[in-house]
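Trainee: The structure that follows is given in the form of structure tokens.
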Amino acid sequence: MFCTYSFTMRFFHPSSFRFSSLLLLLFLMKLSVPFPVLSETTEHTVLTGRITDYRTGSPVSYVYLHLEKINRTATSDREGKFRLDNVPQGTWTLVLYRIGYVTQKRSIRIEPGEKHDDIEIVLQPAVISGMPIEIIANEEDVRGPRLEKSSVRISGPELRSNLGSTVAETIAGRPGFSQRTMGATAARPVIRGLGDARVLILQDGERTGDVSYAPPDHSVTIDPISANEIEIARGPSALIYGSNAIGGVINIVRNQIPTSRPTALTGTASMHGFSVNNGISGAVNIKAPYRDDFVWSLDLNSRYGQDYSTPAGSLENTNMLATNSAAGLSYIRPWGYSGLAVSTYLSRYGIPPNPESGHPGGVDLDMVKVQVESQTERLLQNRFFNLIEVQWSYRFYNHKEFEAENIIGTEYNVNTVYATVKGRHNRVGFLNDGVVGFWAKFQDYFIFDRFNLEANSYAASLFTVQDFDMGNWNVEFGLRLDAHMVVPKSEELDSRIGHIRRRQYIGLASSAALVYDFGRGFYAGGSVMHSFRPPKPDELFSRGPHLAAYAFETGNPDLSAERGLGTDLFVRHRSSRFSLETAVYRNTFSNYIYPRDTGRRNIIFADLNDYQYTGVHALFYGLETSGEFRISNHLRVEGMVDYTFAEQKVNVKASDVSGTESSGPESTGKESRTLPLPMIPPASLSAGISYEPGVLTVGTKVRHSFKQKRIGEFETPTDAFTVLNAYLLYRFNSSGMLHTLSLNVDNLLNTEYYHHLSRIKELYPEPGRSFNLLYRVYF
């Protein structure tokens, strides 16, 4: 059922917002205002050119271009022409993406006062193999407009063929990736068994401001239908965005603040339909120049779906309605650019019922997010820094959980301010160009329920990421110093969960990575990361029922910070016909924080189990292998295998054989036992084949998931299953516009199976057969 959106705007309380935080925000806003004197004297370079087809010589329109390491993107117009403004001096890699063409990377050296106009670029059609193209940059050096050295980049046909209703669903088919779900909408990515706050989700380089990292009924406030690309990074570069992202950083690139002037109005329009829930979504994205110095953008989308169907029947209360829209304006001058964007996310979705956990009719969530953000870049010449970037944003987030009509059981109200100052410097000694920066956050956090939780969080970080070359070796390293403080509204000496008080955490996170180039497309390397994650307010101070999550959640105000040590080794080969990559990894944690199911019924809410936030010693290790072989110019096969093992050491009383009294690694007078961790994905493998004779691509993929019998306390095992999917992609040009059609069939054989990372796997199977049709036009 659906109802009108409603929410209460609880802004900062005067006593909670410290004067220093306000001064910081005002200072950063001042930096975002252009200085006319500097703008008239700063030298700059504008890249302009034309893109043509290798075979025909005709213009190639709607090519997506971006300069790696700096925030510059553009799209070629109908005549194949493009423009990238305000490129600082240095050596940059220009990356070009276009459906039906081979991705190309070109190295461009910018000198002060040098002109780079009328660049001619030739793109090779994807069906031609072995023809010479100019590619200067290795795959492990790929960097995006917001993320440094992305490990994975999803765009173009791959993004369209895997596009789901959530970010987690869109990327879940990659090696090492899965998704934690609770119904159709509440889903969050899991990487190598790590999820929640250990996987950092960004939109255009900044955190989302929602609470999807917390209980599993919360959704991510980004709709993937408007994504230009999705980037995923691990290792040192992840430290630019957080010290806790040992699992990885996922950046959804929407480019809401334009960085270059298009030659004319450009954009896309999309429609996406799903048969499994009679769902439909639509999106329109437009960018256009205004006068000489302004560019505006508009991004509108919405999504609707009824209850999902499964092989066992309809999945009750999984309907949803959402919209995620934005408008942006940029002022682009020779000194750089300054832009502002305003966006909203409105959603209503259902959590399936659990008759044994207090809500036989399910729970409905109303979600609202309002976001205002600004970004400014200044170019500098003949100085230590060649580019300074300033970002600030305010996010208001609210969601209500309706346990019955007009009865709110839990309400989250979160106000967050983020600020970042980041400088990119020129080459210094043996160091290549690197990044140095400062990040700050203030958050006003309020949970309304039977036992309210109110706290303020303050955080500040200093970070740097550098790299250098030694012959065939490339070495990258990063450091991030974090200081966090969580302040509850009032101190309680003897609450039923312990001493509620102000907590402060300071930690240094570090990472290093190296890659060796053997030549002929062979590479090997590894990385190590020491992470630091302070507890969230929920983990410290929760003490109430959460019906939508089927849990009574109890925090632990004595929790220490979580520290992790991750190592990773890989070998990789890429050529025009064959690619193969294998990686092994090991992650250990000295205080792995998670909500542990105690197996006990709560004494007040007898329908709910007690979930106690606790810290334990934990170990994760596993392997991933993926490969692709092009049999001919038109035929391609691919395969993937991944496996994750995870366990915890808990302290239990010597007389306790069940382990239900375990607490944390700091407990005394107890014996240590090793138990499996809950919610760990089972081993899986997949294989696929695709045929691309020209503008048409057809393919199929089969995925097998093994039985998961290594289960945590009070967890249910899941059986093995095999799912068959198929897809068809078609593109054509008409009236000067590019049209694409994508037909995906998920669960083609309508297999009944149970996903181990689903919180409702004991009650309901996964969705059944679904025909998904995506139409997109580029104009």
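Following the order of the structure tokens, first chain is A, next is B, and so on, with residues numbered from 1 inside each chain and ligands from 1 in the order they appear.
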Do you know which residues are at most 8 Å from range 452-456 of chain A counting only C-alpha atoms, after dropping those on the same chain fewer than 4 positions away, and could you put them as a PyMOL selection string?

Mentor: chain A and resi 16+442-448+486-489+537+541-542

Trainee: List as a PyMOL selection string the protein and nucleic acid residues near range 195-211 of chain A, meaning an atom at most 9 Å away when only C-alpha atoms are counted, but skip any in the same chain fewer than 2 places from it.

Mentor: chain A and resi 145-147+179-180+188-193+213-216+218-222+238+241-242+244-257+369+371+391+393-398+412+414-418+533+536

Trainee: Mind pulling up the distance from CA of Pro352 in chain A to CA of Gly183 in chain A?

Mentor: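 Straight-line distance from CA of Gly183 in chain A to CA of Pro352 in chain A works out to 6.3 Å.
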
Trainee: Give me, as a list of chain:residue names, all polymer residues having an atom no more than 6 Å from Phe771 in chain A, counting only C-alpha atoms and skipping those fewer than 3 positions away in the same chain.

Mentor: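 Near Phe771 in chain A, the qualifying residues are A:Phe274, A:Ser275, A:Asn744, A:Val745.
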
Trainee: Excluding range 422-424 of chain A and residues on its chain fewer than 4 positions from it, collect all residues at most 6 Å away from it, counting only C-alpha atoms, and give them as a PyMOL selection string.

Mentor: chain A and resi 385+387-389+434-437

Trainee: What's the 12 Å shell around Asn162 in chain A, counting only C-alpha atoms, without same-chain residues fewer than 2 positions away, as an NGL selection string?

Mentor: :A and (154-160 or 164-174 or 224-225 or 230 or 701 or 725-729 or 742-746 or 772-774)

Trainee: Using only C-alpha atoms, which of the listed residues (A:Gly599, A:Pro258, A:Gly100, A:Gly507) sits closest to Thr697 in chain A?

Mentor: A:Gly100

Trainee: I need the residue nearest Ser178 in chain A from this list: A:Ala683, A:Leu749, A:Ala561, A:Val528. Use only C-alpha atoms for the distance.

Mentor: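 Under the stated criterion, the closest residue is A:Ala683.
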
Trainee: Would you list the contacts of Ala184 in chain A as a compact mmCIF listing (two decimals) with C-alpha atoms, in the first residue's frame, taking every protein, DNA or RNA residue within 12 Å and counting only C-alpha atoms, but skipping same-chain residues closer than 3 positions in sequence?

Mentor:
# COMPACT_ATOMS: atom_id res chain seq x y z
CA GLY A 164 18.88 -3.66 -11.51
CA SER A 165 16.49 -1.77 -9.29
CA THR A 166 19.22 -1.22 -6.66
CA ALA A 168 23.64 -3.78 -4.94
CA GLU A 169 21.71 -5.80 -7.53
CA GLN A 179 24.26 -8.33 -1.80
CA ARG A 180 22.62 -8.31 1.61
CA THR A 181 18.85 -8.10 1.11
CA ALA A 187 19.75 -4.14 -0.38
CA ARG A 188 23.38 -3.23 0.21
CA PRO A 216 19.16 -4.55 7.02
CA ASP A 217 15.72 -3.03 6.37
CA HIS A 218 17.31 0.29 5.29
CA SER A 219 17.89 0.98 1.58
CA VAL A 276 8.46 -9.83 -11.84
CA ASN A 277 6.63 -7.04 -10.02
CA GLY A 279 7.41 -2.50 -12.23
CA TYR A 304 7.20 1.99 -9.21
CA GLY A 305 6.66 -1.68 -8.47
CA GLN A 306 4.03 -4.00 -7.03
CA ASP A 307 4.64 -7.09 -4.91
CA TYR A 308 7.33 -9.41 -6.30
CA SER A 309 6.36 -12.81 -7.60
CA THR A 310 8.31 -15.94 -6.63
CA LEU A 315 6.03 -11.96 -1.88
CA GLU A 316 3.67 -9.90 0.24
CA ASN A 317 4.39 -6.25 1.04
CA THR A 318 7.34 -5.77 -1.34
CA ASN A 319 5.78 -2.94 -3.34
CA MET A 320 7.70 0.28 -3.77
CA LEU A 321 7.50 3.83 -5.09
CA ARG A 348 8.09 4.24 0.14
CA TYR A 349 8.64 0.50 0.23
CA GLY A 350 7.54 -2.53 2.19
CA ILE A 351 9.31 -5.12 4.34
CA PRO A 352 7.74 -8.60 4.07
CA SER A 758 18.73 -12.52 2.73
CA ARG A 759 17.35 -11.73 6.18
CA ILE A 760 14.07 -13.39 5.16
CA TYR A 764 10.53 -16.57 1.45
CA PRO A 765 12.43 -17.59 -1.71
CA GLU A 766 14.06 -15.16 -4.14
CA PRO A 767 12.09 -13.55 -7.02

Trainee: Hey, what's within 10 Å of Ala440 in chain A if we count only C-alpha atoms and toss same-chain stuff fewer than 6 positions away? As a list in words, please?

Mentor: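 What passes the distance filter is Ser21, Leu24, Leu25, Trp392, Val417, Tyr418, Ala419, Thr420, Val421, Tyr458, Ala459, Ala460, Ser461, Leu462, Asp482, Ala483 and His484 of chain A.
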
Trainee: Grab the residues selected above and save them as a CSV table (one decimal), in the first residue's frame with all heavy atoms.

Mentor:
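Dumped to out-v5.csv:
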chain,number,residue,atom,x,y,z
A,21,SER,N,32.2,24.4,14.2
A,21,SER,CA,31.7,23.7,13.0
A,21,SER,C,31.0,24.7,12.0
A,21,SER,O,31.1,24.7,10.8
A,21,SER,CB,30.6,22.7,13.4
A,21,SER,OG,31.2,21.7,14.2
A,24,LEU,N,33.7,26.7,10.2
A,24,LEU,CA,34.2,25.8,9.1
A,24,LEU,C,33.4,25.8,7.9
A,24,LEU,O,33.8,26.0,6.8
A,24,LEU,CB,34.5,24.4,9.6
A,24,LEU,CG,34.9,23.4,8.6
A,24,LEU,CD1,36.3,23.8,8.0
A,24,LEU,CD2,34.9,22.0,9.2
A,25,LEU,N,32.1,25.7,8.1
A,25,LEU,CA,31.1,25.6,6.9
A,25,LEU,C,31.1,27.0,6.2
A,25,LEU,O,31.2,27.0,5.0
A,25,LEU,CB,29.7,25.3,7.4
A,25,LEU,CG,28.6,25.3,6.4
A,25,LEU,CD1,28.9,24.2,5.3
A,25,LEU,CD2,27.3,25.0,7.0
A,392,TRP,N,31.6,21.0,-0.3
A,392,TRP,CA,30.8,21.0,0.9
A,392,TRP,C,29.4,20.5,0.6
A,392,TRP,O,28.9,20.7,-0.5
A,392,TRP,CB,30.8,22.3,1.6
A,392,TRP,CG,30.1,23.4,0.9
A,392,TRP,CD1,30.7,24.3,0.0
A,392,TRP,CD2,28.7,23.8,0.9
A,392,TRP,NE1,29.7,25.2,-0.5
A,392,TRP,CE2,28.5,24.9,0.0
A,392,TRP,CE3,27.6,23.2,1.5
A,392,TRP,CZ2,27.2,25.4,-0.2
A,392,TRP,CZ3,26.3,23.8,1.3
A,392,TRP,CH2,26.2,24.9,0.5
A,417,VAL,N,26.6,17.5,7.7
A,417,VAL,CA,27.4,18.4,6.9
A,417,VAL,C,28.7,17.8,6.6
A,417,VAL,O,29.4,17.3,7.5
A,417,VAL,CB,27.6,19.7,7.6
A,417,VAL,CG1,28.5,20.6,6.9
A,417,VAL,CG2,26.3,20.5,7.8
A,418,TYR,N,29.1,17.7,5.3
A,418,TYR,CA,30.4,17.2,4.9
A,418,TYR,C,31.2,18.4,4.3
A,418,TYR,O,30.6,19.2,3.6
A,418,TYR,CB,30.3,16.1,3.9
A,418,TYR,CG,29.6,14.8,4.3
A,418,TYR,CD1,28.4,14.5,3.9
A,418,TYR,CD2,30.2,14.0,5.3
A,418,TYR,CE1,27.7,13.3,4.3
A,418,TYR,CE2,29.6,12.8,5.7
A,418,TYR,CZ,28.4,12.5,5.2
A,418,TYR,OH,27.7,11.3,5.6
A,419,ALA,N,32.5,18.4,4.5
A,419,ALA,CA,33.4,19.4,3.9
A,419,ALA,C,34.7,18.7,3.6
A,419,ALA,O,35.3,18.0,4.4
A,419,ALA,CB,33.6,20.6,4.8
A,420,THR,N,35.2,19.0,2.4
A,420,THR,CA,36.5,18.5,1.9
A,420,THR,C,37.3,19.5,1.2
A,420,THR,O,36.8,20.3,0.4
A,420,THR,CB,36.3,17.3,0.9
A,420,THR,OG1,35.5,16.3,1.5
A,420,THR,CG2,37.6,16.7,0.5
A,421,VAL,N,38.6,19.6,1.5
A,421,VAL,CA,39.5,20.4,0.8
A,421,VAL,C,40.6,19.5,0.3
A,421,VAL,O,41.3,18.8,1.1
A,421,VAL,CB,40.1,21.6,1.7
A,421,VAL,CG1,41.1,22.4,0.9
A,421,VAL,CG2,39.0,22.5,2.2
A,458,TYR,N,31.1,14.1,15.5
A,458,TYR,CA,32.1,15.0,14.9
A,458,TYR,C,33.2,14.2,14.4
A,458,TYR,O,33.7,13.2,15.1
A,458,TYR,CB,32.6,16.0,16.0
A,458,TYR,CG,31.5,16.8,16.7
A,458,TYR,CD1,30.9,16.2,17.8
A,458,TYR,CD2,31.1,18.0,16.3
A,458,TYR,CE1,29.9,16.9,18.5
A,458,TYR,CE2,30.2,18.7,16.9
A,458,TYR,CZ,29.5,18.2,18.0
A,458,TYR,OH,28.6,18.9,18.7
A,459,ALA,N,33.7,14.5,13.2
A,459,ALA,CA,34.9,13.8,12.7
A,459,ALA,C,35.7,14.7,11.8
A,459,ALA,O,35.2,15.6,11.2
A,459,ALA,CB,34.4,12.6,11.8
A,460,ALA,N,37.0,14.5,11.8
A,460,ALA,CA,37.9,15.2,11.0
A,460,ALA,C,39.1,14.3,10.6
A,460,ALA,O,39.5,13.4,11.3
A,460,ALA,CB,38.5,16.4,11.7
A,461,SER,N,39.6,14.5,9.4
A,461,SER,CA,40.6,13.6,8.8
A,461,SER,C,41.6,14.4,8.0
A,461,SER,O,41.3,15.4,7.3
A,461,SER,CB,40.0,12.5,7.9
A,461,SER,OG,39.0,11.8,8.6
A,462,LEU,N,42.9,13.9,8.1
A,462,LEU,CA,43.9,14.4,7.2
A,462,LEU,C,44.3,13.2,6.4
A,462,LEU,O,44.5,12.1,6.9
A,462,LEU,CB,45.1,14.9,7.9
A,462,LEU,CG,44.8,16.2,8.7
A,462,LEU,CD1,46.0,16.6,9.6
A,462,LEU,CD2,44.5,17.4,7.8
A,482,ASP,N,42.4,9.9,11.4
A,482,ASP,CA,41.0,10.2,11.7
A,482,ASP,C,40.8,10.5,13.2
A,482,ASP,O,41.4,9.8,14.1
A,482,ASP,CB,40.1,9.0,11.4
A,482,ASP,CG,39.6,9.0,10.0
A,482,ASP,OD1,40.1,9.8,9.2
A,482,ASP,OD2,38.8,8.2,9.6
A,483,ALA,N,40.0,11.4,13.5
A,483,ALA,CA,39.5,11.7,14.9
A,483,ALA,C,38.0,11.8,14.9
A,483,ALA,O,37.4,12.5,14.1
A,483,ALA,CB,40.1,13.0,15.4
A,484,HIS,N,37.4,11.0,15.7
A,484,HIS,CA,35.9,10.9,15.8
A,484,HIS,C,35.5,11.1,17.3
A,484,HIS,O,36.2,10.7,18.2
A,484,HIS,CB,35.4,9.6,15.3
A,484,HIS,CG,35.6,9.3,13.9
A,484,HIS,ND1,34.6,9.4,13.0
A,484,HIS,CD2,36.7,9.0,13.2
A,484,HIS,CE1,35.1,9.1,11.8
A,484,HIS,NE2,36.3,8.9,11.9

Trainee: Determine the nearest neighbour of Ile593 in chain A from the options A:Leu623, A:Phe532, A:Thr263, A:His634, counting only C-alpha atoms.

Mentor: A:Phe532
